[in-house]
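> One structure coming up, written as structure tokens, with questions to follow.
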Amino acid sequence: MASRTISKDIITLRGSAAIVSEFFGYAANSILYNRGLYPEESFSKVKKYGLPMLLTQDEGVKSFISGITSQLSEWLETGKLQRIVLVIMSKATSEVLERWNFNIVTDAEVVETGVIKEKSDKEIMREIQAIMRQIASCVSYLPCLDEACVFDVLAYTDKDTTVPIAWVESDAKLINNPQMVKLHSFDTKIHKVDTIVSYKNDEWEEED
């Protein structure tokens with residue numbers, strides 16, 4: 001008699017934290033590439049999420065992003081991380097030009113009890129694919145960055161969070177009267193990530 005095996009896609013707190021932190025690493029690389037912060041030739045192509053993705057080969061940037069994703073994973077496992085923001089600034093003036101906001105909502109029950117959730121890996125991948133495609137097409141909805149730029153990463157955590165020495169207190173690096181574009185979100189059933197990019201509104205300033 002024919003039989004079949006039924007499997008379930010189990011999501012644990014640690015597994016969800018790994019998915020979200022890895023997502024941020026790839027998203028950050030894609031933003032840096034597509035916004036032209038580093039030379040095109042300093043990136044190499046890999047396949048991830050069923051898409052061609054670009055990763056920096058600059059050792060300094062690789063180390064910086066790796067350190068961030070490692071710390072994010074730890075905070076995500078304890079439910080302490082509320083938001084991660086990649087900020088793009090003018091190299092000459094430090095004026096903030098763009099803020100890529102990744103807002104995170106964590107299922108408190110999972111953190112408290114360790115209960116597992118179920119969601120298809122393929123469904124999560126499709127949701128992440130949609131965000132990555134929007135990042136890759138950002139030149140169609142964001143103004144050109146026509147000056148040398150640098151970036152920084154801000155983490156918004158609960159007040160009782162232990163912060164490593166490498167992380168320092170910072171201002172919010174906000175943009176006055178920004179334009180905003182809401183991108184797709186993804187949800188592991190434990191962590192929900194909403195993505196919004198805000199950018200300097202030059203047209204508003206000219207009219208003003």
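By convention in this document, the chains of the structure tokens carry letters A, B, ... by their order, each chain's residues are numbered from 1, and ligands are numbered from 1 in the order they are shown.
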I need the residues of segment 2-60 of chain A that end up classed as alpha helix (DSSP H) by DSSP on the backbone, written out as a compact mmCIF listing (two decimals) with all heavy atoms, in the first residue's frame.


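Output (part_34.txt):
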# COMPACT_ATOMS: atom_id res chain seq x y z
N LEU A 13 12.32 30.05 17.93
CA LEU A 13 12.78 31.41 18.19
C LEU A 13 14.17 31.62 17.61
O LEU A 13 14.44 32.63 16.95
CB LEU A 13 12.77 31.69 19.70
CG LEU A 13 13.26 33.07 20.16
CD1 LEU A 13 12.44 34.19 19.52
CD2 LEU A 13 13.20 33.17 21.69
N ARG A 14 15.06 30.67 17.87
CA ARG A 14 16.43 30.79 17.35
C ARG A 14 16.44 30.77 15.83
O ARG A 14 17.17 31.54 15.18
CB ARG A 14 17.31 29.67 17.90
CG ARG A 14 18.73 29.68 17.33
CD ARG A 14 19.64 28.73 18.07
NE ARG A 14 19.91 29.24 19.42
CZ ARG A 14 20.75 28.65 20.28
NH1 ARG A 14 21.36 27.54 19.94
NH2 ARG A 14 20.95 29.17 21.47
N GLY A 15 15.63 29.89 15.24
CA GLY A 15 15.56 29.82 13.78
C GLY A 15 15.03 31.10 13.17
O GLY A 15 15.54 31.58 12.15
N SER A 16 14.02 31.67 13.80
CA SER A 16 13.44 32.93 13.31
C SER A 16 14.45 34.07 13.42
O SER A 16 14.59 34.88 12.50
CB SER A 16 12.18 33.27 14.11
OG SER A 16 11.63 34.50 13.68
N ALA A 17 15.18 34.11 14.54
CA ALA A 17 16.20 35.15 14.72
C ALA A 17 17.27 35.04 13.63
O ALA A 17 17.74 36.06 13.10
CB ALA A 17 16.84 35.02 16.10
N ALA A 18 17.63 33.81 13.29
CA ALA A 18 18.64 33.59 12.24
C ALA A 18 18.13 34.07 10.89
O ALA A 18 18.87 34.69 10.11
CB ALA A 18 19.02 32.12 12.18
N ILE A 19 16.84 33.80 10.60
CA ILE A 19 16.25 34.23 9.33
C ILE A 19 16.26 35.75 9.22
O ILE A 19 16.65 36.32 8.18
CB ILE A 19 14.80 33.71 9.20
CG1 ILE A 19 14.79 32.20 9.00
CG2 ILE A 19 14.07 34.40 8.03
CD1 ILE A 19 13.41 31.56 9.12
N VAL A 20 15.85 36.44 10.29
CA VAL A 20 15.75 37.90 10.24
C VAL A 20 17.13 38.56 10.18
O VAL A 20 17.34 39.50 9.41
CB VAL A 20 14.97 38.44 11.47
CG1 VAL A 20 14.96 39.96 11.48
CG2 VAL A 20 13.54 37.91 11.44
N SER A 21 18.08 38.07 10.97
CA SER A 21 19.41 38.68 10.95
C SER A 21 20.10 38.45 9.61
O SER A 21 20.77 39.34 9.08
CB SER A 21 20.27 38.15 12.11
OG SER A 21 20.39 36.75 12.06
N GLU A 22 19.94 37.25 9.04
CA GLU A 22 20.51 36.97 7.73
C GLU A 22 19.86 37.86 6.67
O GLU A 22 20.55 38.40 5.79
CB GLU A 22 20.33 35.50 7.36
CG GLU A 22 20.95 35.12 6.03
CD GLU A 22 20.73 33.66 5.68
OE1 GLU A 22 19.56 33.22 5.63
OE2 GLU A 22 21.74 32.96 5.44
N PHE A 23 18.55 38.03 6.76
CA PHE A 23 17.84 38.92 5.84
C PHE A 23 18.44 40.32 5.87
O PHE A 23 18.68 40.93 4.83
CB PHE A 23 16.35 38.97 6.20
CG PHE A 23 15.65 40.20 5.69
CD1 PHE A 23 15.25 40.30 4.37
CD2 PHE A 23 15.40 41.28 6.54
CE1 PHE A 23 14.61 41.45 3.90
CE2 PHE A 23 14.78 42.43 6.09
CZ PHE A 23 14.38 42.52 4.75
N PHE A 24 18.68 40.84 7.08
CA PHE A 24 19.23 42.19 7.17
C PHE A 24 20.59 42.28 6.51
O PHE A 24 20.91 43.26 5.83
CB PHE A 24 19.32 42.68 8.61
CG PHE A 24 19.91 44.06 8.69
CD1 PHE A 24 19.14 45.18 8.38
CD2 PHE A 24 21.24 44.24 9.04
CE1 PHE A 24 19.70 46.45 8.40
CE2 PHE A 24 21.79 45.51 9.07
CZ PHE A 24 21.03 46.62 8.76
N GLY A 25 21.43 41.25 6.68
CA GLY A 25 22.74 41.26 6.05
C GLY A 25 22.65 41.36 4.54
O GLY A 25 23.34 42.17 3.92
N TYR A 26 21.77 40.56 3.93
CA TYR A 26 21.61 40.61 2.48
C TYR A 26 20.94 41.91 2.04
O TYR A 26 21.31 42.49 1.01
CB TYR A 26 20.80 39.41 2.00
CG TYR A 26 21.63 38.15 1.84
CD1 TYR A 26 21.73 37.22 2.88
CD2 TYR A 26 22.34 37.90 0.67
CE1 TYR A 26 22.51 36.09 2.75
CE2 TYR A 26 23.11 36.75 0.53
CZ TYR A 26 23.20 35.86 1.56
OH TYR A 26 23.98 34.73 1.43
N ALA A 27 19.97 42.39 2.81
CA ALA A 27 19.30 43.64 2.47
C ALA A 27 20.28 44.81 2.52
O ALA A 27 20.28 45.67 1.63
CB ALA A 27 18.13 43.89 3.43
N ALA A 28 21.13 44.84 3.55
CA ALA A 28 22.12 45.92 3.68
C ALA A 28 23.06 45.91 2.48
O ALA A 28 23.35 46.96 1.89
CB ALA A 28 22.90 45.76 4.98
N ASN A 29 23.54 44.74 2.10
CA ASN A 29 24.42 44.64 0.93
C ASN A 29 23.73 45.15 -0.33
O ASN A 29 24.33 45.87 -1.13
CB ASN A 29 24.87 43.19 0.73
CG ASN A 29 26.12 42.83 1.49
OD1 ASN A 29 27.24 43.04 1.02
ND2 ASN A 29 25.96 42.31 2.69
N SER A 30 22.47 44.76 -0.49
CA SER A 30 21.72 45.18 -1.68
C SER A 30 21.52 46.69 -1.70
O SER A 30 21.63 47.33 -2.76
CB SER A 30 20.36 44.46 -1.71
OG SER A 30 19.67 44.75 -2.90
N ILE A 31 21.23 47.28 -0.55
CA ILE A 31 21.06 48.73 -0.46
C ILE A 31 22.36 49.44 -0.82
O ILE A 31 22.38 50.39 -1.62
CB ILE A 31 20.59 49.15 0.94
CG1 ILE A 31 19.16 48.64 1.20
CG2 ILE A 31 20.63 50.67 1.10
CD1 ILE A 31 18.73 48.70 2.66
N LEU A 32 23.47 48.98 -0.25
CA LEU A 32 24.77 49.61 -0.53
C LEU A 32 25.12 49.51 -2.00
O LEU A 32 25.66 50.47 -2.58
CB LEU A 32 25.86 48.95 0.32
CG LEU A 32 25.71 49.08 1.84
CD1 LEU A 32 26.87 48.38 2.54
CD2 LEU A 32 25.62 50.53 2.27
N TYR A 33 24.80 48.38 -2.62
CA TYR A 33 25.09 48.22 -4.05
C TYR A 33 24.18 49.10 -4.90
O TYR A 33 24.65 49.86 -5.75
CB TYR A 33 24.91 46.75 -4.46
CG TYR A 33 25.05 46.54 -5.95
CD1 TYR A 33 26.30 46.44 -6.55
CD2 TYR A 33 23.92 46.45 -6.76
CE1 TYR A 33 26.43 46.27 -7.92
CE2 TYR A 33 24.03 46.27 -8.13
CZ TYR A 33 25.29 46.19 -8.71
OH TYR A 33 25.41 46.02 -10.07
N ASN A 34 22.88 48.99 -4.66
CA ASN A 34 21.92 49.69 -5.52
C ASN A 34 21.92 51.20 -5.31
O ASN A 34 21.51 51.95 -6.21
CB ASN A 34 20.51 49.13 -5.30
CG ASN A 34 20.33 47.77 -5.95
OD1 ASN A 34 20.25 47.67 -7.16
ND2 ASN A 34 20.30 46.72 -5.14
N GLU A 59 36.63 44.13 2.77
CA GLU A 59 36.80 43.43 4.04
C GLU A 59 36.26 44.23 5.22
O GLU A 59 35.70 43.67 6.17
CB GLU A 59 38.28 43.08 4.26
CG GLU A 59 38.81 41.99 3.33
CD GLU A 59 38.03 40.68 3.46
OE1 GLU A 59 37.58 40.36 4.58
OE2 GLU A 59 37.88 39.98 2.44
N GLY A 60 36.45 45.55 5.20
CA GLY A 60 35.97 46.38 6.29
C GLY A 60 34.46 46.36 6.39
O GLY A 60 33.89 46.23 7.49

> With a distance cut-off of 10 Å and only C-alpha atoms, select the neighbouring residues of Asp158 of chain A, excluding the residue or stretch itself and same-chain residues fewer than 5 positions from it, and output the selection as a list in words.

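Residues near the query, excluding close chain neighbours: Trp75, Gly79, Lys80, Leu81 and Gln82 of chain A.
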
> Mind giving me the straight-line distance from atom CA of Tyr49 of chain A to atom CA of Gly67 of chain A in Å, one decimal?

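Atom CA of Tyr49 of chain A sits 21.8 Å away from atom CA of Gly67 of chain A.
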
> Can you list every residue in segment 4-171 of chain A that DSSP puts in strand (DSSP E or B), as a ChimeraX atom specification?

/A:10-11,43-48,51-56,81-90,96-106,117-118,149-157

> Just C-alpha atoms for this one: save the residues we selected as a compact mmCIF listing (two decimals), in the first residue's frame.


# COMPACT_ATOMS: atom_id res chain seq x y z
CA ILE A 10 8.66 24.31 12.25
CA ILE A 11 9.88 27.76 13.24
CA PHE A 43 30.56 43.25 -5.10
CA SER A 44 30.26 39.61 -6.11
CA LYS A 45 27.11 37.81 -7.20
CA VAL A 46 25.59 34.92 -5.26
CA LYS A 47 22.21 33.20 -5.34
CA LYS A 48 19.96 33.64 -2.32
CA LEU A 51 17.40 35.59 -6.64
CA PRO A 52 20.81 36.86 -7.78
CA MET A 53 22.15 38.85 -4.82
CA LEU A 54 25.25 41.00 -4.50
CA LEU A 55 27.64 40.87 -1.55
CA THR A 56 30.44 43.31 -0.81
CA LEU A 81 15.10 44.43 19.23
CA GLN A 82 12.41 46.85 18.07
CA ARG A 83 13.92 48.33 14.93
CA ILE A 84 17.06 48.37 12.84
CA VAL A 85 17.81 51.35 10.59
CA LEU A 86 20.39 51.69 7.83
CA VAL A 87 21.18 55.38 7.45
CA ILE A 88 22.79 56.90 4.35
CA MET A 89 24.52 60.25 4.88
CA SER A 90 26.49 62.79 2.86
CA VAL A 96 21.04 62.29 6.44
CA LEU A 97 19.71 61.51 2.95
CA GLU A 98 17.95 58.16 3.46
CA ARG A 99 16.75 55.97 6.33
CA TRP A 100 15.94 52.34 5.61
CA ASN A 101 13.73 51.29 8.54
CA PHE A 102 13.18 47.64 9.41
CA ASN A 103 10.56 47.62 12.17
CA ILE A 104 10.34 44.38 14.12
CA VAL A 105 7.41 43.01 16.10
CA THR A 106 8.19 39.94 18.20
CA LYS A 117 5.30 28.12 15.30
CA GLU A 118 4.60 26.73 11.85
CA CYS A 149 27.94 58.94 0.80
CA VAL A 150 28.63 56.88 3.90
CA PHE A 151 26.32 54.68 5.95
CA ASP A 152 25.66 53.74 9.55
CA VAL A 153 23.36 51.29 11.30
CA LEU A 154 21.13 52.16 14.26
CA ALA A 155 19.49 49.60 16.54
CA TYR A 156 16.45 50.44 18.66
CA THR A 157 16.26 48.10 21.65

> When you draw a straight line from atom CA of Val193 of chain A to atom CA of Asp9 of chain A, how long is it in Å?

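Separating atom CA of Val193 of chain A from atom CA of Asp9 of chain A is a distance of 19.3 Å.
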
> Which residue is closest to His191 of chain A? Choose from A:Lys159, A:Lys91, A:Lys119, A:Arg126 and count only C-alpha atoms.

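Nearest to His191 of chain A: A:Lys119.
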
> Would you pick out the contacts of Val139 of chain A at 8 Å or less, using only C-alpha atoms, so that residues sharing its chain but fewer than 3 positions from it are not included, and give the list as an NGL selection string?

:A and (34-35 or 136 or 142-144)

> Save the residues we just selected, C-alpha atoms, as an mmCIF file, in the first residue's frame?


data_model
loop_
_atom_site.group_PDB
_atom_site.id
_atom_site.type_symbol
_atom_site.label_atom_id
_atom_site.label_comp_id
_atom_site.auth_asym_id
_atom_site.auth_seq_id
_atom_site.Cartn_x
_atom_site.Cartn_y
_atom_site.Cartn_z
ATOM 1 C CA ASN A 34 21.923 49.693 -5.515
ATOM 2 C CA ARG A 35 22.470 53.118 -3.932
ATOM 3 C CA ALA A 136 16.826 46.210 -6.307
ATOM 4 C CA LEU A 142 14.314 57.180 -4.961
ATOM 5 C CA PRO A 143 16.236 60.294 -6.018
ATOM 6 C CA CYS A 144 19.763 59.903 -7.336
#
